[in-house]
>>> print(open('coords28.pdb').read())   # PDB, C-alpha atoms
ATOM      1  CA  MET D  19     -72.424 137.165-194.933
ATOM      2  CA  ARG D  20     -70.914 140.593-195.550
ATOM      3  CA  PRO D  21     -72.200 144.129-194.900
ATOM      4  CA  THR D  22     -74.315 145.648-197.616
ATOM      5  CA  ALA D  23     -73.803 148.670-199.771
ATOM      6  CA  THR D  24     -76.357 151.352-198.958
ATOM      7  CA  ASP D  25     -77.348 152.404-202.495
ATOM      8  CA  GLY D  26     -79.656 150.668-204.926
ATOM      9  CA  PRO D  27     -82.643 148.408-204.321
ATOM     10  CA  THR D  28     -82.382 145.016-202.624
ATOM     11  CA  ALA D  29     -84.272 141.813-203.411
ATOM     12  CA  LEU D  30     -84.401 138.593-201.414
ATOM     13  CA  VAL D  31     -85.139 135.317-203.183
ATOM     14  CA  THR D  32     -86.017 132.091-201.382
ATOM     15  CA  GLY D  33     -84.971 128.684-202.698
ATOM     16  CA  ALA D  34     -82.411 130.371-204.915
ATOM     17  CA  ASN D  35     -79.512 127.937-205.170
ATOM     18  CA  ARG D  36     -80.637 126.501-208.530
ATOM     19  CA  GLY D  37     -83.209 126.633-211.314
ATOM     20  CA  LEU D  38     -85.720 129.460-211.360
ATOM     21  CA  GLY D  39     -84.507 130.958-208.090
ATOM     22  CA  LEU D  40     -80.898 131.192-209.219
ATOM     23  CA  GLU D  41     -81.810 132.622-212.614
ATOM     24  CA  THR D  42     -84.161 135.115-210.957
ATOM     25  CA  CYS D  43     -81.227 136.327-208.849
ATOM     26  CA  ARG D  44     -79.084 136.672-211.961
ATOM     27  CA  GLN D  45     -81.709 138.697-213.807
ATOM     28  CA  LEU D  46     -82.511 140.932-210.833
ATOM     29  CA  VAL D  47     -78.848 141.827-210.433
ATOM     30  CA  ALA D  48     -78.715 142.664-214.144
ATOM     31  CA  GLN D  49     -81.515 145.153-213.455
ATOM     32  CA  GLY D  50     -79.550 146.885-210.706
ATOM     33  CA  PHE D  51     -80.658 144.990-207.607
ATOM     34  CA  ARG D  52     -78.450 143.788-204.839
ATOM     35  CA  VAL D  53     -79.681 140.275-204.081
ATOM     36  CA  VAL D  54     -79.870 138.241-200.898
ATOM     37  CA  LEU D  55     -79.782 134.619-202.077
ATOM     38  CA  THR D  56     -81.219 132.087-199.643
ATOM     39  CA  SER D  57     -81.394 128.308-199.591
ATOM     40  CA  ARG D  58     -82.209 125.540-197.143
ATOM     41  CA  LYS D  59     -78.804 123.870-197.515
ATOM     42  CA  GLU D  60     -75.962 126.268-196.813
ATOM     43  CA  SER D  61     -73.250 124.570-198.896
ATOM     44  CA  VAL D  62     -75.204 124.697-202.159
ATOM     45  CA  GLY D  63     -76.395 128.234-201.473
ATOM     46  CA  MET D  64     -72.866 129.455-200.808
ATOM     47  CA  ALA D  65     -71.670 127.800-204.017
ATOM     48  CA  ALA D  66     -74.430 129.501-206.006
ATOM     49  CA  THR D  67     -73.606 132.857-204.436
ATOM     50  CA  GLN D  68     -69.904 132.497-205.201
ATOM     51  CA  LYS D  69     -70.726 131.604-208.801
ATOM     52  CA  LEU D  70     -72.828 134.717-209.271
ATOM     53  CA  ASN D  71     -70.246 136.912-207.574
ATOM     54  CA  SER D  72     -67.542 135.465-209.851
ATOM     55  CA  GLU D  73     -69.672 136.777-212.739
ATOM     56  CA  GLY D  74     -69.325 140.262-211.267
ATOM     57  CA  ARG D  75     -72.732 140.295-209.599
ATOM     58  CA  ASP D  76     -73.667 141.759-206.217
ATOM     59  CA  VAL D  77     -75.079 138.858-204.234
ATOM     60  CA  VAL D  78     -74.937 137.938-200.555
ATOM     61  CA  TYR D  79     -76.005 134.689-198.937
ATOM     62  CA  HIS D  80     -78.094 133.729-195.928
ATOM     63  CA  GLN D  81     -79.317 130.271-194.971
ATOM     64  CA  LEU D  82     -83.102 129.891-194.839
ATOM     65  CA  ASP D  83     -85.335 126.896-194.299
ATOM     66  CA  ILE D  84     -88.801 128.350-194.837
ATOM     67  CA  THR D  85     -90.414 125.564-192.800
ATOM     68  CA  ASP D  86     -88.264 126.303-189.738
ATOM     69  CA  GLY D  87     -89.395 129.168-187.506
ATOM     70  CA  GLU D  88     -85.956 129.591-185.958
ATOM     71  CA  SER D  89     -84.343 129.825-189.394
ATOM     72  CA  ILE D  90     -86.849 132.501-190.459
ATOM     73  CA  SER D  91     -86.232 134.424-187.238
ATOM     74  CA  ALA D  92     -82.463 134.241-187.745
ATOM     75  CA  LEU D  93     -82.837 135.725-191.230
ATOM     76  CA  ALA D  94     -85.061 138.520-189.956
ATOM     77  CA  GLY D  95     -82.562 139.260-187.201
ATOM     78  CA  ASP D  96     -79.624 139.416-189.617
ATOM     79  CA  LEU D  97     -81.372 141.257-192.435
ATOM     80  CA  PRO D  98     -80.486 144.787-191.253
ATOM     81  CA  ARG D  99     -76.803 143.829-191.607
ATOM     82  CA  LEU D 100     -77.416 142.547-195.122
ATOM     83  CA  ALA D 101     -79.471 145.411-196.521
ATOM     84  CA  PRO D 102     -80.778 148.816-195.410
ATOM     85  CA  ARG D 103     -84.232 147.797-196.635
ATOM     86  CA  LEU D 104     -85.938 145.059-198.622
ATOM     87  CA  ASP D 105     -87.490 146.387-201.814
ATOM     88  CA  VAL D 106     -88.548 143.040-203.295
ATOM     89  CA  LEU D 107     -89.305 139.664-201.707
ATOM     90  CA  VAL D 108     -89.588 136.705-204.090
ATOM     91  CA  ASN D 109     -91.164 133.637-202.498
ATOM     92  CA  ASN D 110     -89.752 131.052-204.888
ATOM     93  CA  ALA D 111     -88.934 128.082-202.637
ATOM     94  CA  GLY D 112     -91.258 125.192-203.309
ATOM     95  CA  VAL D 113     -91.738 121.461-203.756
ATOM     96  CA  GLY D 114     -94.153 119.375-205.794
ATOM     97  CA  SER D 115     -96.487 116.513-204.968
ATOM     98  CA  TRP D 116     -99.092 115.171-207.370
ATOM     99  CA  GLY D 117     -99.612 111.629-206.078
ATOM    100  CA  ALA D 118    -101.459 110.045-203.176
ATOM    101  CA  ASP D 119     -98.589 109.969-200.669
ATOM    102  CA  ARG D 120     -99.927 111.701-197.552
ATOM    103  CA  ALA D 121     -96.572 112.687-196.090
ATOM    104  CA  ALA D 122     -95.384 114.198-199.389
ATOM    105  CA  SER D 123     -98.695 116.029-199.799
ATOM    106  CA  ALA D 124     -98.539 117.478-196.288
ATOM    107  CA  ARG D 125     -94.955 118.606-196.873
ATOM    108  CA  THR D 126     -95.999 120.349-200.077
ATOM    109  CA  ILE D 127     -98.520 122.405-198.121
ATOM    110  CA  ALA D 128     -95.959 123.052-195.364
ATOM    111  CA  VAL D 129     -93.386 124.399-197.820
ATOM    112  CA  ASN D 130     -95.387 126.096-200.536
ATOM    113  CA  TYR D 131     -98.120 127.663-198.440
ATOM    114  CA  PHE D 132     -97.159 127.811-194.764
ATOM    115  CA  GLY D 133     -93.481 128.480-195.491
ATOM    116  CA  SER D 134     -94.129 131.311-197.927
ATOM    117  CA  ARG D 135     -96.750 132.744-195.583
ATOM    118  CA  ASP D 136     -94.393 132.729-192.601
ATOM    119  CA  VAL D 137     -91.465 134.245-194.508
ATOM    120  CA  THR D 138     -93.698 137.010-195.829
ATOM    121  CA  ASP D 139     -95.074 137.797-192.379
ATOM    122  CA  ALA D 140     -91.552 137.930-190.902
ATOM    123  CA  LEU D 141     -90.058 140.146-193.615
ATOM    124  CA  LEU D 142     -92.906 142.568-194.294
ATOM    125  CA  PRO D 143     -91.647 144.948-191.562
ATOM    126  CA  PHE D 144     -88.503 145.507-193.674
ATOM    127  CA  ILE D 145     -90.359 146.332-196.902
ATOM    128  CA  PRO D 146     -90.862 150.082-197.462
ATOM    129  CA  ARG D 147     -93.618 151.928-199.286
ATOM    130  CA  GLY D 148     -93.320 151.062-202.952
ATOM    131  CA  GLY D 149     -91.922 147.595-202.213
ATOM    132  CA  ARG D 150     -93.177 144.411-203.826
ATOM    133  CA  VAL D 151     -93.793 140.803-202.863
ATOM    134  CA  VAL D 152     -93.906 138.101-205.550
ATOM    135  CA  MET D 153     -95.472 134.716-204.878
ATOM    136  CA  VAL D 154     -94.081 132.243-207.426
ATOM    137  CA  SER D 155     -97.172 130.237-208.260
ATOM    138  CA  SER D 156     -98.313 127.999-211.118
ATOM    139  CA  GLY D 157    -101.086 127.573-213.640
ATOM    140  CA  MET D 158    -102.071 124.651-211.432
ATOM    141  CA  GLY D 159    -103.030 127.273-208.854
ATOM    142  CA  GLU D 160    -106.056 128.346-210.883
ATOM    143  CA  LEU D 161    -109.408 128.028-209.129
ATOM    144  CA  SER D 162    -110.721 125.796-211.911
ATOM    145  CA  TYR D 163    -108.840 122.863-210.373
ATOM    146  CA  LEU D 164    -111.117 122.946-207.313
ATOM    147  CA  GLY D 165    -114.525 121.361-206.924
ATOM    148  CA  ARG D 166    -117.425 123.808-207.318
ATOM    149  CA  ASP D 167    -118.174 124.332-203.607
ATOM    150  CA  LEU D 168    -114.538 124.868-202.715
ATOM    151  CA  ARG D 169    -114.043 127.143-205.713
ATOM    152  CA  SER D 170    -116.710 129.552-204.510
ATOM    153  CA  LYS D 171    -115.105 129.721-201.057
ATOM    154  CA  PHE D 172    -111.622 130.493-202.371
ATOM    155  CA  ALA D 173    -112.984 132.927-204.955
ATOM    156  CA  ASP D 174    -114.873 134.993-202.366
ATOM    157  CA  PRO D 175    -113.410 138.527-202.672
ATOM    158  CA  ALA D 176    -114.053 139.015-198.944
ATOM    159  CA  LEU D 177    -112.069 135.900-197.948
ATOM    160  CA  THR D 178    -110.160 136.548-194.716
ATOM    161  CA  ARG D 179    -106.929 135.092-193.383
ATOM    162  CA  PRO D 180    -108.736 133.022-190.703
ATOM    163  CA  ALA D 181    -111.152 131.688-193.334
ATOM    164  CA  LEU D 182    -108.268 130.760-195.627
ATOM    165  CA  GLU D 183    -106.454 129.015-192.779
ATOM    166  CA  ALA D 184    -109.635 127.069-192.053
ATOM    167  CA  LEU D 185    -109.834 125.955-195.697
ATOM    168  CA  VAL D 186    -106.231 124.766-195.671
ATOM    169  CA  ALA D 187    -106.859 122.934-192.391
ATOM    170  CA  SER D 188    -109.895 121.244-193.920
ATOM    171  CA  TYR D 189    -107.752 120.008-196.813
ATOM    172  CA  LEU D 190    -105.243 118.532-194.369
ATOM    173  CA  ARG D 191    -108.062 116.797-192.472
ATOM    174  CA  ASP D 192    -109.454 115.374-195.707
ATOM    175  CA  LEU D 193    -105.939 114.290-196.656
ATOM    176  CA  GLU D 194    -105.611 112.441-193.355
ATOM    177  CA  LYS D 195    -108.921 110.688-194.020
ATOM    178  CA  GLY D 196    -107.367 109.337-197.201
ATOM    179  CA  ASP D 197    -109.514 110.690-200.021
ATOM    180  CA  PRO D 198    -109.317 114.492-200.442
ATOM    181  CA  GLY D 199    -110.504 114.186-204.031
ATOM    182  CA  LYS D 200    -113.948 113.144-202.792
ATOM    183  CA  ALA D 201    -114.303 116.575-201.168
ATOM    184  CA  GLY D 202    -113.291 118.365-204.364
ATOM    185  CA  TRP D 203    -109.596 118.865-203.664
ATOM    186  CA  PRO D 204    -107.041 118.545-206.501
ATOM    187  CA  SER D 205    -103.381 117.574-206.003
ATOM    188  CA  ALA D 206    -101.494 118.908-202.994
ATOM    189  CA  TYR D 207     -99.412 121.040-205.340
ATOM    190  CA  SER D 208    -102.538 122.702-206.751
ATOM    191  CA  VAL D 209    -103.965 123.219-203.261
ATOM    192  CA  SER D 210    -100.719 124.832-202.105
ATOM    193  CA  LYS D 211    -100.607 127.247-205.038
ATOM    194  CA  ILE D 212    -104.330 128.072-204.900
ATOM    195  CA  SER D 213    -103.870 128.870-201.203
ATOM    196  CA  MET D 214    -100.786 130.968-201.962
ATOM    197  CA  ASN D 215    -102.742 132.921-204.560
ATOM    198  CA  ALA D 216    -105.601 133.467-202.117
ATOM    199  CA  LEU D 217    -103.139 134.738-199.504
ATOM    200  CA  ALA D 218    -101.725 137.208-202.024
ATOM    201  CA  ARG D 219    -105.199 138.615-202.603
ATOM    202  CA  ILE D 220    -105.829 138.948-198.867
ATOM    203  CA  LEU D 221    -102.464 140.606-198.232
ATOM    204  CA  ALA D 222    -102.990 142.956-201.178
ATOM    205  CA  ARG D 223    -106.007 144.425-199.382
ATOM    206  CA  GLU D 224    -104.165 144.661-196.076
ATOM    207  CA  LEU D 225    -101.051 146.298-197.549
ATOM    208  CA  VAL D 226    -102.714 149.009-199.633
ATOM    209  CA  SER D 227    -102.297 151.561-196.847
ATOM    210  CA  ARG D 228     -98.569 150.803-196.689
ATOM    211  CA  GLY D 229     -98.090 151.175-200.440
ATOM    212  CA  ILE D 230     -96.758 147.602-200.804
ATOM    213  CA  ARG D 231     -97.873 145.574-203.828
ATOM    214  CA  ILE D 232     -98.120 141.797-203.817
ATOM    215  CA  ASN D 233     -98.863 139.589-206.806
ATOM    216  CA  SER D 234     -98.695 135.935-207.787
ATOM    217  CA  VAL D 235     -96.703 134.945-210.864
ATOM    218  CA  CYS D 236     -96.863 131.815-212.985
ATOM    219  CA  PRO D 237     -93.492 131.254-214.689
ATOM    220  CA  GLY D 238     -95.030 128.631-216.990
ATOM    221  CA  TRP D 239     -93.925 125.033-217.498
ATOM    222  CA  VAL D 240     -90.162 125.348-217.101
ATOM    223  CA  ARG D 241     -87.314 122.897-217.684
ATOM    224  CA  THR D 242     -86.237 122.605-214.049
ATOM    225  CA  ASP D 243     -85.815 119.558-211.815
ATOM    226  CA  MET D 244     -89.515 119.872-210.974
ATOM    227  CA  GLY D 245     -90.740 120.693-214.487
ATOM    228  CA  GLY D 246     -88.650 118.035-216.225
ATOM    229  CA  PRO D 247     -86.702 118.063-219.500
ATOM    230  CA  ASN D 248     -89.787 118.128-221.736
ATOM    231  CA  ALA D 249     -91.179 121.387-220.375
ATOM    232  CA  SER D 250     -91.951 124.046-222.951
ATOM    233  CA  ARG D 251     -90.005 126.935-221.383
ATOM    234  CA  SER D 252     -86.380 127.580-220.577
ATOM    235  CA  VAL D 253     -85.312 128.636-217.105
ATOM    236  CA  GLN D 254     -84.395 132.047-218.504
ATOM    237  CA  VAL D 255     -87.896 132.650-219.884
ATOM    238  CA  GLY D 256     -89.574 131.413-216.696
ATOM    239  CA  ALA D 257     -87.405 133.624-214.503
ATOM    240  CA  ARG D 258     -88.122 136.618-216.722
ATOM    241  CA  SER D 259     -91.811 136.207-215.864
ATOM    242  CA  ILE D 260     -90.926 136.330-212.152
ATOM    243  CA  VAL D 261     -88.724 139.386-212.601
ATOM    244  CA  LEU D 262     -91.500 141.156-214.500
ATOM    245  CA  GLY D 263     -93.715 140.488-211.482
ATOM    246  CA  ALA D 264     -91.115 142.183-209.327
ATOM    247  CA  THR D 265     -90.495 145.164-211.586
ATOM    248  CA  GLY D 266     -92.922 145.496-214.465
ATOM    249  CA  VAL D 267     -96.612 145.215-213.595
ATOM    250  CA  GLY D 268     -97.191 148.846-212.634
ATOM    251  CA  ASP D 269     -99.347 149.512-209.609
ATOM    252  CA  ALA D 270    -101.228 146.210-209.825
ATOM    253  CA  THR D 271    -101.694 144.316-206.592
ATOM    254  CA  GLY D 272    -103.522 141.106-205.732
ATOM    255  CA  GLY D 273    -103.205 139.888-209.308
ATOM    256  CA  PHE D 274    -102.059 136.718-211.051
ATOM    257  CA  PHE D 275     -99.541 137.234-213.870
ATOM    258  CA  ARG D 276     -97.589 135.400-216.520
ATOM    259  CA  ASP D 277     -95.035 137.240-218.671
ATOM    260  CA  GLY D 278     -96.189 140.541-217.176
ATOM    261  CA  LYS D 279     -99.807 140.011-218.275
ATOM    262  CA  MET D 280    -102.788 139.320-216.025
ATOM    263  CA  ILE D 281    -104.153 135.762-216.214
ATOM    264  CA  ALA D 282    -107.297 134.185-214.786
ATOM    265  CA  TRP D 283    -107.411 132.881-211.235
TER     266      TRP D 283
END
>>> encode(input="coords28.pdb", output="structure tokens")
Amino acid sequence: MRPTATDGPTALVTGANRGLGLETCRQLVAQGFRVVLTSRKESVGMAATQKLNSEGRDVVYHQLDITDGESISALAGDLPRLAPRLDVLVNNAGVGSWGADRAASARTIAVNYFGSRDVTDALLPFIPRGGRVVMVSSGMGELSYLGRDLRSKFADPALTRPALEALVASYLRDLEKGDPGKAGWPSAYSVSKISMNALARILARELVSRGIRINSVCPGWVRTDMGGPNASRSVQVGARSIVLGATGVGDATGGFFRDGKMIAW
């Protein structure tokens, strides 16, 4: 960790030691950002940071486990030494779970939804008017994956944070019972991304007065460790969609985007 320069915008990317996160850092720096690269495991994050800096890029590192409250607090405490402000937050860290394993499903919710929620809450005080938050989501976060009754609840434009938390808690209870599909729930990965998208819409309303825009972005099916080698998109193309969410969707807030264009929830 080294002191920051005081000029130019700063972006922080979670889960950035490889794949989409790393490429997002690379592309943001190319657009003039100073980047704070974070990762759960310090050794791999430091290696990624050193690689980018060897390419002449302006990147600093901080460890972050988005499921660990103390780790999030440590980042928030150190952030003023890393950057004078945080212009863009990219919530990229995530895991996947599509099967019936309860522990893996619960972890997917813990990382993709609760982790991104908690990081956003902790770092919002550092984001100035005009700043942006990007939730890296998925096409599997579309409402169409939900059963009809659940779909109407998530789609409610007046959905509140407590109501969303209650919906997520109900999924976890149904998961514990052993058959969430019977209640209309899709895979844990879909639930986590649907919930992330819903949170973005709620926060968009809350942050209007502060001039902060928040949107969800689907990078598409990307050839990463999660997406697999047969995915239709390169990491570069997927990351470009994320970067467009951070820089190129105008004044939109509370939206769902792919390649800079609005897509259906």
>>> residues_around(input="coords28.pdb", residues="range 140-157 of chain D", least_positions_apart="3", cutoff="9 Å", atoms="only C-alpha atoms", output="MDAnalysis selection string")
chainID D and resid 90:91 93:94 97:98 102:112 130 134:137 160 208 210:212 214:215 218 228:239 260:261 263:265 271 274 283
>>> closest_residue(input="coords28.pdb", among="D:Gly159, D:Gly273, D:Gly266, D:Gly33", to="Glu60 in chain D", atoms="only C-alpha atoms")
D:Gly33
>>> resolve_selection(input="coords28.pdb", expression="the PyMOL selection byres ((chain D and resi 198) around 12)", output="count of residues only")
30
>>> residues_around(input="coords28.pdb", residues="Thr67 in chain D", least_positions_apart="5", cutoff="7 Å", atoms="only C-alpha atoms", output="PDB file with C-alpha atoms, in the coordinates of the input")
ATOM      1  CA  LEU D  55     -79.782 134.619-202.077  1.00  0.00           C
ATOM      2  CA  VAL D  77     -75.079 138.858-204.234  1.00  0.00           C
ATOM      3  CA  VAL D  78     -74.937 137.938-200.555  1.00  0.00           C
ATOM      4  CA  TYR D  79     -76.005 134.689-198.937  1.00  0.00           C
TER       5      TYR D  79
END
>>> closest_residue(input="coords28.pdb", among="D:Ala270, D:Asp174, D:Arg125, D:Thr242", to="Gln254 in chain D", atoms="only C-alpha atoms")
D:Thr242
>>> axis_aligned_box(input="coords28.pdb", around="range 101-117 of chain D", padding_each_side="5 Å", output="AutoDock Vina command-line options")
--center_x -89.5 --center_y 130.2 --center_z -201.4 --size_x 30.1 --size_y 47.2 --size_z 22.0
>>> atom_distance(input="coords28.pdb", atom1="CA of Gly37 in chain D", atom2="CA of Glu88 in chain D")
25.7 Å
>>> closest_residue(input="coords28.pdb", among="D:Val253, D:Ala176, D:Met244, D:Leu182", to="Arg44 in chain D", atoms="all atoms listed in the file")
D:Val253
>>> atom_distance(input="coords28.pdb", atom1="CA of Ser57 in chain D", atom2="CA of Ala34 in chain D")
5.8 Å
>>> atom_distance(input="coords28.pdb", atom1="CA of Thr85 in chain D", atom2="CA of Thr32 in chain D")
11.6 Å
>>> closest_residue(input="coords28.pdb", among="D:Ala216, D:Leu46, D:Leu262, D:Leu38", to="Lys171 in chain D", atoms="only C-alpha atoms")
D:Ala216
>>> residues_around(input="coords28.pdb", residues="Val255 in chain D", least_positions_apart="2", cutoff="9 Å", atoms="all atoms listed in the file", output="list in words")
Pro237, Gly238, Val240, Arg251, Ser252, Val253, Ala257, Arg258, Ser259 and Asp277 of chain D
>>> build_atoms(input="coords28.pdb", residues="range 140-167 of chain D", atoms="N, CA and C atoms", output="mmCIF file, in the coordinates of the input")
data_model
loop_
_atom_site.group_PDB
_atom_site.id
_atom_site.type_symbol
_atom_site.label_atom_id
_atom_site.label_comp_id
_atom_site.auth_asym_id
_atom_site.auth_seq_id
_atom_site.Cartn_x
_atom_site.Cartn_y
_atom_site.Cartn_z
ATOM 1 N N ALA D 140 -92.759 137.538 -191.643
ATOM 2 C CA ALA D 140 -91.552 137.930 -190.902
ATOM 3 C C ALA D 140 -90.802 139.074 -191.568
ATOM 4 N N LEU D 141 -90.864 139.149 -192.904
ATOM 5 C CA LEU D 141 -90.058 140.146 -193.615
ATOM 6 C C LEU D 141 -90.820 141.395 -194.027
ATOM 7 N N LEU D 142 -92.132 141.377 -193.932
ATOM 8 C CA LEU D 142 -92.906 142.568 -194.294
ATOM 9 C C LEU D 142 -92.477 143.822 -193.530
ATOM 10 N N PRO D 143 -92.082 143.722 -192.253
ATOM 11 C CA PRO D 143 -91.647 144.948 -191.562
ATOM 12 C C PRO D 143 -90.447 145.640 -192.212
ATOM 13 N N PHE D 144 -89.686 144.925 -193.043
ATOM 14 C CA PHE D 144 -88.503 145.507 -193.674
ATOM 15 C C PHE D 144 -88.803 146.099 -195.061
ATOM 16 N N ILE D 145 -90.023 145.889 -195.545
ATOM 17 C CA ILE D 145 -90.359 146.332 -196.902
ATOM 18 C C ILE D 145 -90.966 147.735 -196.842
ATOM 19 N N PRO D 146 -90.377 148.701 -197.534
ATOM 20 C CA PRO D 146 -90.862 150.082 -197.462
ATOM 21 C C PRO D 146 -92.016 150.341 -198.425
ATOM 22 N N ARG D 147 -92.604 151.513 -198.324
ATOM 23 C CA ARG D 147 -93.618 151.928 -199.286
ATOM 24 C C ARG D 147 -93.037 151.822 -200.699
ATOM 25 N N GLY D 148 -93.804 151.273 -201.594
ATOM 26 C CA GLY D 148 -93.320 151.062 -202.952
ATOM 27 C C GLY D 148 -92.691 149.700 -203.164
ATOM 28 N N GLY D 149 -92.514 148.921 -202.086
ATOM 29 C CA GLY D 149 -91.922 147.595 -202.213
ATOM 30 C C GLY D 149 -92.903 146.601 -202.809
ATOM 31 N N ARG D 150 -92.363 145.435 -203.174
ATOM 32 C CA ARG D 150 -93.177 144.411 -203.826
ATOM 33 C C ARG D 150 -92.882 143.034 -203.221
ATOM 34 N N VAL D 151 -93.924 142.209 -203.220
ATOM 35 C CA VAL D 151 -93.793 140.803 -202.863
ATOM 36 C C VAL D 151 -94.303 139.987 -204.047
ATOM 37 N N VAL D 152 -93.521 138.983 -204.450
ATOM 38 C CA VAL D 152 -93.906 138.101 -205.550
ATOM 39 C C VAL D 152 -94.050 136.692 -205.006
ATOM 40 N N MET D 153 -95.233 136.116 -205.200
ATOM 41 C CA MET D 153 -95.472 134.716 -204.878
ATOM 42 C C MET D 153 -95.302 133.904 -206.162
ATOM 43 N N VAL D 154 -94.286 133.052 -206.226
ATOM 44 C CA VAL D 154 -94.081 132.243 -207.426
ATOM 45 C C VAL D 154 -95.079 131.095 -207.391
ATOM 46 N N SER D 155 -96.060 131.167 -208.259
ATOM 47 C CA SER D 155 -97.172 130.237 -208.260
ATOM 48 C C SER D 155 -97.093 129.332 -209.484
ATOM 49 N N SER D 156 -98.243 128.955 -210.011
ATOM 50 C CA SER D 156 -98.313 127.999 -211.118
ATOM 51 C C SER D 156 -99.692 128.080 -211.750
ATOM 52 N N GLY D 157 -99.781 127.700 -213.021
ATOM 53 C CA GLY D 157 -101.086 127.573 -213.640
ATOM 54 C C GLY D 157 -101.958 126.565 -212.924
ATOM 55 N N MET D 158 -101.319 125.633 -212.213
ATOM 56 C CA MET D 158 -102.071 124.651 -211.432
ATOM 57 C C MET D 158 -102.670 125.261 -210.174
ATOM 58 N N GLY D 159 -102.417 126.550 -209.960
ATOM 59 C CA GLY D 159 -103.030 127.273 -208.854
ATOM 60 C C GLY D 159 -104.301 128.002 -209.259
ATOM 61 N N GLU D 160 -104.796 127.739 -210.456
ATOM 62 C CA GLU D 160 -106.056 128.346 -210.883
ATOM 63 C C GLU D 160 -107.226 127.702 -210.141
ATOM 64 N N LEU D 161 -108.247 128.505 -209.882
ATOM 65 C CA LEU D 161 -109.408 128.028 -209.129
ATOM 66 C C LEU D 161 -110.153 126.911 -209.842
ATOM 67 N N SER D 162 -109.994 126.812 -211.150
ATOM 68 C CA SER D 162 -110.721 125.796 -211.911
ATOM 69 C C SER D 162 -110.352 124.375 -211.507
ATOM 70 N N TYR D 163 -109.241 124.192 -210.811
ATOM 71 C CA TYR D 163 -108.840 122.863 -210.373
ATOM 72 C C TYR D 163 -109.658 122.387 -209.171
ATOM 73 N N LEU D 164 -110.339 123.296 -208.494
ATOM 74 C CA LEU D 164 -111.117 122.946 -207.313
ATOM 75 C C LEU D 164 -112.517 122.471 -207.686
ATOM 76 N N GLY D 165 -113.117 121.673 -206.802
ATOM 77 C CA GLY D 165 -114.525 121.361 -206.924
ATOM 78 C C GLY D 165 -115.355 122.622 -206.764
ATOM 79 N N ARG D 166 -116.610 122.589 -207.246
ATOM 80 C CA ARG D 166 -117.425 123.808 -207.318
ATOM 81 C C ARG D 166 -117.604 124.484 -205.964
ATOM 82 N N ASP D 167 -117.932 123.719 -204.921
ATOM 83 C CA ASP D 167 -118.174 124.332 -203.607
ATOM 84 C C ASP D 167 -116.914 124.983 -203.054
#
